[in-house]
file data-v5.cif (mmCIF, C-alpha atoms)
data_start
loop_
_atom_site.label_atom_id
_atom_site.label_comp_id
_atom_site.auth_asym_id
_atom_site.auth_seq_id
_atom_site.Cartn_x
_atom_site.Cartn_y
_atom_site.Cartn_z
CA GLN A 1 0.00 0.00 0.00
CA LYS A 2 1.32 3.40 -0.99
CA GLU A 3 1.80 5.78 1.91
CA VAL A 4 0.06 8.67 0.20
CA GLU A 5 -2.44 8.00 -2.56
CA GLN A 6 -4.05 10.34 -5.02
CA ASN A 7 -6.18 9.72 -8.06
CA SER A 8 -3.86 10.59 -10.93
CA GLY A 9 -6.73 11.94 -13.03
CA PRO A 10 -6.89 13.78 -15.22
CA LEU A 11 -9.71 15.62 -13.53
CA SER A 12 -11.48 17.89 -15.94
CA VAL A 13 -13.83 20.63 -14.75
CA PRO A 14 -15.45 23.58 -16.53
CA GLU A 15 -14.40 27.10 -15.73
CA GLY A 16 -16.26 28.43 -12.70
CA ALA A 17 -16.92 24.99 -11.21
CA ILE A 18 -15.59 23.54 -7.97
CA ALA A 19 -12.65 21.17 -8.37
CA SER A 20 -12.33 18.53 -5.65
CA LEU A 21 -9.00 16.78 -5.16
CA ASN A 22 -8.59 13.94 -2.72
CA CYS A 23 -5.71 12.27 -0.93
CA THR A 24 -5.53 9.36 1.50
CA TYR A 25 -2.61 8.42 3.72
CA SER A 26 -1.62 5.29 5.59
CA ASP A 27 0.21 6.59 8.67
CA ARG A 28 -2.48 7.30 11.25
CA GLY A 29 -0.07 9.39 13.31
CA SER A 30 0.73 11.82 10.50
CA GLN A 31 1.08 15.36 11.72
CA SER A 32 1.08 17.90 8.93
CA PHE A 33 -0.50 17.97 5.51
CA PHE A 34 0.29 20.11 2.52
CA TRP A 35 -0.99 20.78 -0.96
CA TYR A 36 1.40 21.82 -3.69
CA ARG A 37 0.64 22.99 -7.19
CA GLN A 38 3.02 22.15 -10.00
CA TYR A 39 2.73 23.61 -13.46
CA SER A 40 4.21 21.61 -16.31
CA GLY A 41 7.99 21.97 -16.36
CA LYS A 42 8.05 23.96 -13.14
CA SER A 43 8.77 23.23 -9.50
CA PRO A 44 6.07 22.55 -6.90
CA GLU A 45 4.77 25.54 -4.97
CA LEU A 46 3.02 25.38 -1.63
CA ILE A 47 -0.60 26.50 -1.71
CA MET A 48 -2.13 25.14 1.49
CA SER A 49 -1.14 23.56 4.77
CA ILE A 50 -3.42 22.01 7.39
CA TYR A 51 -2.71 20.38 10.73
CA SER A 52 -6.06 20.00 12.54
CA ASN A 53 -9.29 18.28 11.65
CA GLY A 54 -11.75 20.45 9.80
CA ASP A 55 -11.57 23.03 7.07
CA LYS A 56 -9.05 25.74 6.33
CA GLU A 57 -9.85 28.38 3.76
CA ASP A 58 -7.52 30.66 1.84
CA GLY A 59 -9.13 32.61 -0.96
CA ARG A 60 -10.58 30.18 -3.50
CA PHE A 61 -8.85 27.23 -1.85
CA THR A 62 -10.19 25.12 1.01
CA ALA A 63 -8.27 22.27 2.57
CA GLN A 64 -10.19 19.66 4.53
CA LEU A 65 -8.66 17.18 6.94
CA ASN A 66 -10.26 14.11 8.50
CA LYS A 67 -7.70 12.24 10.57
CA ALA A 68 -10.13 9.51 11.61
CA SER A 69 -10.71 8.60 7.98
CA GLN A 70 -7.13 9.43 7.01
CA TYR A 71 -7.93 11.68 4.14
CA VAL A 72 -7.23 15.23 3.15
CA SER A 73 -8.86 17.10 0.32
CA LEU A 74 -8.48 20.34 -1.58
CA LEU A 75 -11.40 22.26 -3.00
CA ILE A 76 -10.86 24.94 -5.59
CA ARG A 77 -13.87 27.22 -6.02
CA ASP A 78 -14.54 29.20 -9.17
CA SER A 79 -11.92 27.20 -11.06
CA GLN A 80 -9.96 29.09 -13.69
CA PRO A 81 -7.96 27.81 -16.66
CA SER A 82 -4.88 29.09 -14.82
CA ASP A 83 -5.58 26.46 -12.13
CA SER A 84 -4.76 23.74 -14.65
CA ALA A 85 -1.77 21.98 -13.11
CA THR A 86 -0.76 18.90 -11.17
CA TYR A 87 -1.71 19.01 -7.50
CA LEU A 88 0.52 17.15 -5.09
CA CYS A 89 -0.56 16.01 -1.64
CA ALA A 90 2.25 15.77 0.90
CA VAL A 91 2.15 14.27 4.37
CA LEU A 92 4.54 14.50 7.30
CA PRO A 93 4.50 11.04 8.88
CA ASN A 94 4.78 10.43 12.58
CA ALA A 95 8.38 9.47 13.32
CA GLY A 96 8.37 9.71 17.06
CA GLY A 97 9.42 13.34 17.10
CA THR A 98 12.37 12.93 14.74
CA SER A 99 10.74 13.24 11.35
CA TYR A 100 13.17 15.98 10.25
CA GLY A 101 10.40 17.28 8.07
CA LYS A 102 10.65 14.45 5.58
CA LEU A 103 7.51 14.75 3.51
CA THR A 104 5.97 11.86 1.64
CA PHE A 105 4.31 12.92 -1.58
CA GLY A 106 1.47 11.43 -3.54
CA GLN A 107 1.90 11.04 -7.28
CA GLY A 108 -0.31 14.01 -7.96
CA THR A 109 -3.63 14.68 -9.63
CA ILE A 110 -3.68 16.40 -12.99
CA LEU A 111 -6.38 19.06 -13.09
CA THR A 112 -7.61 20.59 -16.32
CA VAL A 113 -10.01 23.53 -16.24
CA HIS A 114 -11.59 24.10 -19.62
CA PRO A 115 -13.20 27.38 -20.69
CA ASP B 1 12.32 31.30 -6.04
CA ALA B 2 14.95 33.90 -5.23
CA GLY B 3 15.80 32.27 -1.87
CA ILE B 4 16.89 28.97 -3.36
CA THR B 5 18.79 28.27 -6.53
CA GLN B 6 19.88 25.06 -8.17
CA SER B 7 22.67 24.58 -10.64
CA PRO B 8 22.98 23.52 -13.33
CA ARG B 9 19.44 23.72 -14.70
CA HIS B 10 20.13 21.13 -17.35
CA LYS B 11 22.89 18.61 -17.75
CA VAL B 12 23.65 15.75 -20.08
CA THR B 13 26.33 13.36 -18.92
CA GLU B 14 27.71 9.99 -19.89
CA THR B 15 27.19 6.75 -18.02
CA GLY B 16 29.88 6.16 -15.43
CA THR B 17 30.86 9.78 -14.89
CA PRO B 18 30.48 11.55 -11.56
CA VAL B 19 28.02 14.44 -11.42
CA THR B 20 27.47 17.06 -8.73
CA LEU B 21 24.33 19.14 -8.41
CA ARG B 22 24.33 22.22 -6.25
CA CYS B 23 21.60 23.73 -4.12
CA HIS B 24 22.19 27.19 -2.66
CA GLN B 25 19.86 29.01 -0.26
CA THR B 26 19.89 32.49 1.17
CA GLU B 27 17.13 31.89 3.75
CA ASN B 28 19.34 30.43 6.49
CA HIS B 29 16.95 27.49 6.78
CA ARG B 30 18.09 24.52 8.81
CA TYR B 31 16.55 21.77 6.72
CA MET B 32 17.46 20.92 3.14
CA TYR B 33 16.30 18.04 0.96
CA TRP B 34 17.03 16.43 -2.37
CA TYR B 35 14.17 14.76 -4.23
CA ARG B 36 13.92 13.21 -7.64
CA GLN B 37 10.75 13.29 -9.71
CA ASP B 38 9.93 10.60 -12.22
CA PRO B 39 6.73 9.78 -14.10
CA GLY B 40 4.79 7.15 -12.22
CA HIS B 41 6.80 7.63 -9.05
CA GLY B 42 6.19 11.19 -8.02
CA LEU B 43 8.68 12.91 -5.75
CA ARG B 44 11.00 10.61 -3.84
CA LEU B 45 13.44 11.64 -1.15
CA ILE B 46 17.11 10.96 -1.88
CA HIS B 47 18.93 12.59 1.04
CA TYR B 48 18.25 15.29 3.55
CA SER B 49 20.13 17.53 5.95
CA TYR B 50 19.13 18.89 9.33
CA GLY B 51 22.21 21.05 9.86
CA VAL B 52 25.78 21.63 8.77
CA LYS B 53 27.46 18.25 8.37
CA ASP B 54 24.25 16.52 9.51
CA THR B 55 22.84 14.45 6.68
CA ASP B 56 20.96 11.20 6.29
CA LYS B 57 19.54 8.91 3.64
CA GLY B 58 16.10 8.98 2.15
CA GLU B 59 14.19 6.21 0.41
CA VAL B 60 16.19 6.18 -2.84
CA SER B 61 19.74 6.98 -1.73
CA ASP B 62 21.67 4.21 -3.50
CA GLY B 63 24.22 5.69 -5.91
CA TYR B 64 23.99 9.16 -4.36
CA SER B 65 25.96 11.02 -1.73
CA VAL B 66 25.56 14.48 -0.25
CA SER B 67 27.55 17.06 1.61
CA ARG B 68 26.67 20.15 3.56
CA SER B 69 29.71 22.10 4.76
CA LYS B 70 27.86 25.42 5.02
CA THR B 71 24.29 26.27 5.95
CA GLU B 72 23.61 27.67 2.51
CA ASP B 73 24.93 24.87 0.31
CA PHE B 74 23.75 21.29 -0.12
CA LEU B 75 25.51 19.24 -2.77
CA LEU B 76 24.22 16.05 -4.36
CA THR B 77 26.73 13.78 -6.05
CA LEU B 78 26.01 10.91 -8.37
CA GLU B 79 29.13 8.89 -7.88
CA SER B 80 28.94 7.00 -11.19
CA ALA B 81 25.92 8.08 -13.19
CA THR B 82 23.61 5.44 -14.64
CA SER B 83 20.72 5.76 -17.07
CA SER B 84 18.28 5.02 -14.22
CA GLN B 85 19.36 8.30 -12.65
CA THR B 86 17.98 10.27 -15.56
CA SER B 87 15.43 12.41 -13.78
CA VAL B 88 14.44 15.85 -12.61
CA TYR B 89 16.10 16.69 -9.31
CA PHE B 90 14.59 19.16 -6.89
CA CYS B 91 16.17 20.71 -3.88
CA ALA B 92 13.86 21.94 -1.12
CA ILE B 93 14.34 23.96 2.05
CA SER B 94 12.32 24.33 5.22
CA PRO B 95 12.82 26.46 8.33
CA ASP B 96 11.48 23.98 10.84
CA GLY B 97 10.65 20.68 9.18
CA PHE B 98 7.16 20.64 10.62
CA LEU B 99 4.86 23.59 10.10
CA TYR B 100 5.99 25.46 7.06
CA GLY B 101 6.38 22.87 4.35
CA TYR B 102 8.99 23.29 1.67
CA THR B 103 10.19 25.87 -0.77
CA PHE B 104 11.50 24.17 -3.87
CA GLY B 105 14.27 25.18 -6.20
CA SER B 106 13.68 25.33 -9.93
CA GLY B 107 15.03 21.85 -10.50
CA THR B 108 17.81 20.24 -12.50
CA ARG B 109 16.96 18.11 -15.49
CA LEU B 110 19.66 15.45 -15.71
CA THR B 111 20.03 13.11 -18.64
CA VAL B 112 22.48 10.21 -18.46
CA VAL B 113 23.34 8.79 -21.89
#
call {"tool": "encode", "arguments": {"input": "data-v5.cif", "output": "structure tokens"}}
result
Amino acid sequence: QKEVEQNSGPLSVPEGAIASLNCTYSDRGSQSFFWYRQYSGKSPELIMSIYSNGDKEDGRFTAQLNKASQYVSLLIRDSQPSDSATYLCAVLPNAGGTSYGKLTFGQGTILTVHP
Amino acid sequence: DAGITQSPRHKVTETGTPVTLRCHQTENHRYMYWYRQDPGHGLRLIHYSYGVKDTDKGEVSDGYSVSRSKTEDFLLTLESATSSQTSVYFCAISPDGFLYGYTFGSGTRLTVV
């Protein structure tokens, strides 16, 4: 079983719609969760972080965390063509206090927003 | 990102030659990481550093070594390059390894022929 799993997509949504990206993880003690956006040929950039159960909103982005079910999701409201990218879920596993910030990444979900 | 630079951006090398990739940061962050990104595998950790001269292996460290003699520089060496090491290599930095996630460099596209 992969430690962090994402549906590779592609996920295609029309402009203005809500895009919903999902991620599940295997380590129940995981501490921190991140969403990165990666445009083709570019490096990943951090767009959201979440540490506690519930929702966290930042502009058009909402991250949702459910530790009991071991999933984290990213909602993008009012999707724009410029949101077309690969979205990477990253998880900081529980390593007994010595994780050194070693993130485990999912393979990413390709999102396409069409006009 | 201006706070982290990788060099070179592109490199083509021959099988069996040593190759060194450089990551330089101006953020004075404690933690530095080397990842490789391959289709079907995503980002995989090669080596990481939690301070000057403090380094350790990640999940795909075979054939790679690292050094960190200064806070700002983290070098990745492919001791004898193989075609399986053809990849895009990303360096990342983090101030605390817990809350802030990573800032990535622009990446190095390495081709081993």
call {"tool": "interface_residues", "arguments": {"input": "data-v5.cif", "of": "chain A", "to": "chain B", "cutoff": "7 Å", "atoms": "all atoms listed in the file", "output": "number ranges by chain"}}
result
A: 32, 34, 42-45, 100-101, 105-107
call {"tool": "write_last_selection", "arguments": {"input": "data-v5.cif", "atoms": "C-alpha atoms", "output": "CSV table (one decimal), in the coordinates of the input"}}
result
chain,number,residue,atom,x,y,z
A,32,SER,CA,1.1,17.9,8.9
A,34,PHE,CA,0.3,20.1,2.5
A,42,LYS,CA,8.0,24.0,-13.1
A,43,SER,CA,8.8,23.2,-9.5
A,44,PRO,CA,6.1,22.6,-6.9
A,45,GLU,CA,4.8,25.5,-5.0
A,100,TYR,CA,13.2,16.0,10.2
A,101,GLY,CA,10.4,17.3,8.1
A,105,PHE,CA,4.3,12.9,-1.6
A,106,GLY,CA,1.5,11.4,-3.5
A,107,GLN,CA,1.9,11.0,-7.3
call {"tool": "atom_distance", "arguments": {"input": "data-v5.cif", "atom1": "atom CA of Gly29 of chain A", "atom2": "atom CA of Arg36 of chain B"}}
result
25.5 Å
call {"tool": "axis_aligned_box", "arguments": {"input": "data-v5.cif", "around": "segment 108-111 of chain B", "padding_each_side": "4 Å", "output": "JSON"}}
result
{"center_x": 18.5, "center_y": 16.7, "center_z": -15.6, "size_x": 11.1, "size_y": 15.1, "size_z": 14.1}
call {"tool": "resolve_selection", "arguments": {"input": "data-v5.cif", "expression": "the PyMOL selection byres ((chain B and resi 6) around 6)", "output": "ChimeraX atom specification"}}
result
/B:5,7,22-23,105
call {"tool": "write_last_selection", "arguments": {"input": "data-v5.cif", "atoms": "C-alpha atoms", "output": "PDB file, keeping the file's coordinate frame"}}
result
ATOM      1  CA  THR B   5      18.790  28.270  -6.530  1.00  0.00           C
ATOM      2  CA  SER B   7      22.670  24.580 -10.640  1.00  0.00           C
ATOM      3  CA  ARG B  22      24.330  22.220  -6.250  1.00  0.00           C
ATOM      4  CA  CYS B  23      21.600  23.730  -4.120  1.00  0.00           C
ATOM      5  CA  GLY B 105      14.270  25.180  -6.200  1.00  0.00           C
TER       6      GLY B 105
END
call {"tool": "residues_around", "arguments": {"input": "data-v5.cif", "residues": "segment 47-50 of chain A", "least_positions_apart": "6", "cutoff": "12 Å", "atoms": "only C-alpha atoms", "output": "PyMOL selection string"}}
result
(chain A and resi 30-38+56-67+71-76+83+87-92) or (chain B and resi 98-103)
call {"tool": "decode", "arguments": {"input": "data-v5.cif", "residues": "segment 55-88 of chain A", "atoms": "N, CA, C and O atoms", "output": "short mmCIF file (atom, residue, chain, number, x, y, z; two decimals), in the first residue's frame"}}
result
data_model
loop_
_atom_site.label_atom_id
_atom_site.label_comp_id
_atom_site.auth_asym_id
_atom_site.auth_seq_id
_atom_site.Cartn_x
_atom_site.Cartn_y
_atom_site.Cartn_z
N ASP A 55 -11.82 22.30 8.30
CA ASP A 55 -11.57 23.03 7.07
C ASP A 55 -10.66 24.22 7.33
O ASP A 55 -10.69 24.84 8.38
N LYS A 56 -9.89 24.53 6.31
CA LYS A 56 -9.05 25.74 6.33
C LYS A 56 -9.20 26.40 4.98
O LYS A 56 -8.97 25.76 3.96
N GLU A 57 -9.58 27.66 5.00
CA GLU A 57 -9.85 28.38 3.76
C GLU A 57 -8.81 29.45 3.52
O GLU A 57 -8.36 30.14 4.43
N ASP A 58 -8.43 29.59 2.25
CA ASP A 58 -7.52 30.66 1.84
C ASP A 58 -7.91 31.06 0.43
O ASP A 58 -7.58 30.38 -0.53
N GLY A 59 -8.66 32.16 0.35
CA GLY A 59 -9.13 32.61 -0.96
C GLY A 59 -10.05 31.59 -1.59
O GLY A 59 -11.03 31.16 -0.99
N ARG A 60 -9.73 31.17 -2.81
CA ARG A 60 -10.58 30.18 -3.50
C ARG A 60 -10.28 28.75 -3.08
O ARG A 60 -10.94 27.82 -3.53
N PHE A 61 -9.27 28.56 -2.25
CA PHE A 61 -8.85 27.23 -1.85
C PHE A 61 -9.36 26.88 -0.44
O PHE A 61 -9.31 27.71 0.46
N THR A 62 -9.83 25.64 -0.29
CA THR A 62 -10.19 25.12 1.01
C THR A 62 -9.57 23.74 1.18
O THR A 62 -9.77 22.87 0.33
N ALA A 63 -8.81 23.58 2.24
CA ALA A 63 -8.27 22.27 2.57
C ALA A 63 -9.14 21.66 3.66
O ALA A 63 -9.59 22.35 4.58
N GLN A 64 -9.38 20.37 3.54
CA GLN A 64 -10.19 19.66 4.53
C GLN A 64 -9.40 18.46 5.03
O GLN A 64 -8.81 17.72 4.23
N LEU A 65 -9.41 18.27 6.33
CA LEU A 65 -8.66 17.18 6.94
C LEU A 65 -9.59 16.35 7.83
O LEU A 65 -10.32 16.90 8.66
N ASN A 66 -9.53 15.04 7.65
CA ASN A 66 -10.26 14.11 8.50
C ASN A 66 -9.29 13.02 8.92
O ASN A 66 -9.02 12.08 8.18
N LYS A 67 -8.74 13.17 10.11
CA LYS A 67 -7.70 12.24 10.57
C LYS A 67 -8.29 10.86 10.87
O LYS A 67 -7.62 9.85 10.69
N ALA A 68 -9.52 10.81 11.31
CA ALA A 68 -10.13 9.51 11.61
C ALA A 68 -10.25 8.65 10.36
O ALA A 68 -10.04 7.44 10.39
N SER A 69 -10.58 9.30 9.25
CA SER A 69 -10.71 8.60 7.98
C SER A 69 -9.43 8.63 7.16
O SER A 69 -9.37 8.04 6.07
N GLN A 70 -8.45 9.35 7.64
CA GLN A 70 -7.13 9.43 7.01
C GLN A 70 -7.23 9.96 5.59
O GLN A 70 -6.68 9.35 4.65
N TYR A 71 -7.93 11.05 5.44
CA TYR A 71 -7.93 11.68 4.14
C TYR A 71 -7.85 13.20 4.29
O TYR A 71 -8.25 13.78 5.29
N VAL A 72 -7.32 13.77 3.25
CA VAL A 72 -7.23 15.23 3.15
C VAL A 72 -7.64 15.62 1.73
O VAL A 72 -7.34 14.89 0.78
N SER A 73 -8.38 16.69 1.63
CA SER A 73 -8.86 17.10 0.32
C SER A 73 -8.60 18.58 0.09
O SER A 73 -8.35 19.34 1.03
N LEU A 74 -8.64 18.94 -1.16
CA LEU A 74 -8.48 20.34 -1.58
C LEU A 74 -9.63 20.70 -2.50
O LEU A 74 -9.86 20.00 -3.49
N LEU A 75 -10.34 21.74 -2.15
CA LEU A 75 -11.40 22.26 -3.00
C LEU A 75 -10.94 23.57 -3.62
O LEU A 75 -10.39 24.43 -2.92
N ILE A 76 -11.17 23.69 -4.90
CA ILE A 76 -10.86 24.94 -5.59
C ILE A 76 -12.18 25.48 -6.13
O ILE A 76 -12.80 24.87 -7.00
N ARG A 77 -12.61 26.60 -5.58
CA ARG A 77 -13.87 27.22 -6.02
C ARG A 77 -13.60 28.13 -7.20
O ARG A 77 -12.50 28.64 -7.38
N ASP A 78 -14.65 28.32 -8.01
CA ASP A 78 -14.54 29.20 -9.17
C ASP A 78 -13.28 28.89 -9.97
O ASP A 78 -12.44 29.77 -10.22
N SER A 79 -13.13 27.64 -10.36
CA SER A 79 -11.92 27.20 -11.06
C SER A 79 -11.66 28.02 -12.31
O SER A 79 -12.58 28.36 -13.06
N GLN A 80 -10.40 28.31 -12.53
CA GLN A 80 -9.96 29.09 -13.69
C GLN A 80 -9.01 28.25 -14.54
O GLN A 80 -8.32 27.37 -14.02
N PRO A 81 -8.93 28.54 -15.82
CA PRO A 81 -7.96 27.81 -16.66
C PRO A 81 -6.54 27.87 -16.09
O PRO A 81 -5.76 26.93 -16.26
N SER A 82 -6.22 28.96 -15.40
CA SER A 82 -4.88 29.09 -14.82
C SER A 82 -4.66 28.13 -13.65
O SER A 82 -3.53 27.97 -13.18
N ASP A 83 -5.72 27.49 -13.18
CA ASP A 83 -5.58 26.46 -12.13
C ASP A 83 -5.17 25.12 -12.71
O ASP A 83 -4.88 24.18 -11.95
N SER A 84 -5.15 25.00 -14.01
CA SER A 84 -4.76 23.74 -14.65
C SER A 84 -3.31 23.44 -14.31
O SER A 84 -2.39 24.21 -14.65
N ALA A 85 -3.09 22.34 -13.62
CA ALA A 85 -1.77 21.98 -13.11
C ALA A 85 -1.88 20.60 -12.47
O ALA A 85 -2.96 20.00 -12.42
N THR A 86 -0.77 20.11 -11.98
CA THR A 86 -0.76 18.90 -11.17
C THR A 86 -0.74 19.31 -9.70
O THR A 86 0.05 20.17 -9.30
N TYR A 87 -1.61 18.69 -8.92
CA TYR A 87 -1.71 19.01 -7.50
C TYR A 87 -1.16 17.84 -6.69
O TYR A 87 -1.63 16.71 -6.82
N LEU A 88 -0.17 18.16 -5.88
CA LEU A 88 0.52 17.15 -5.09
C LEU A 88 0.09 17.25 -3.63
O LEU A 88 0.12 18.34 -3.04
#
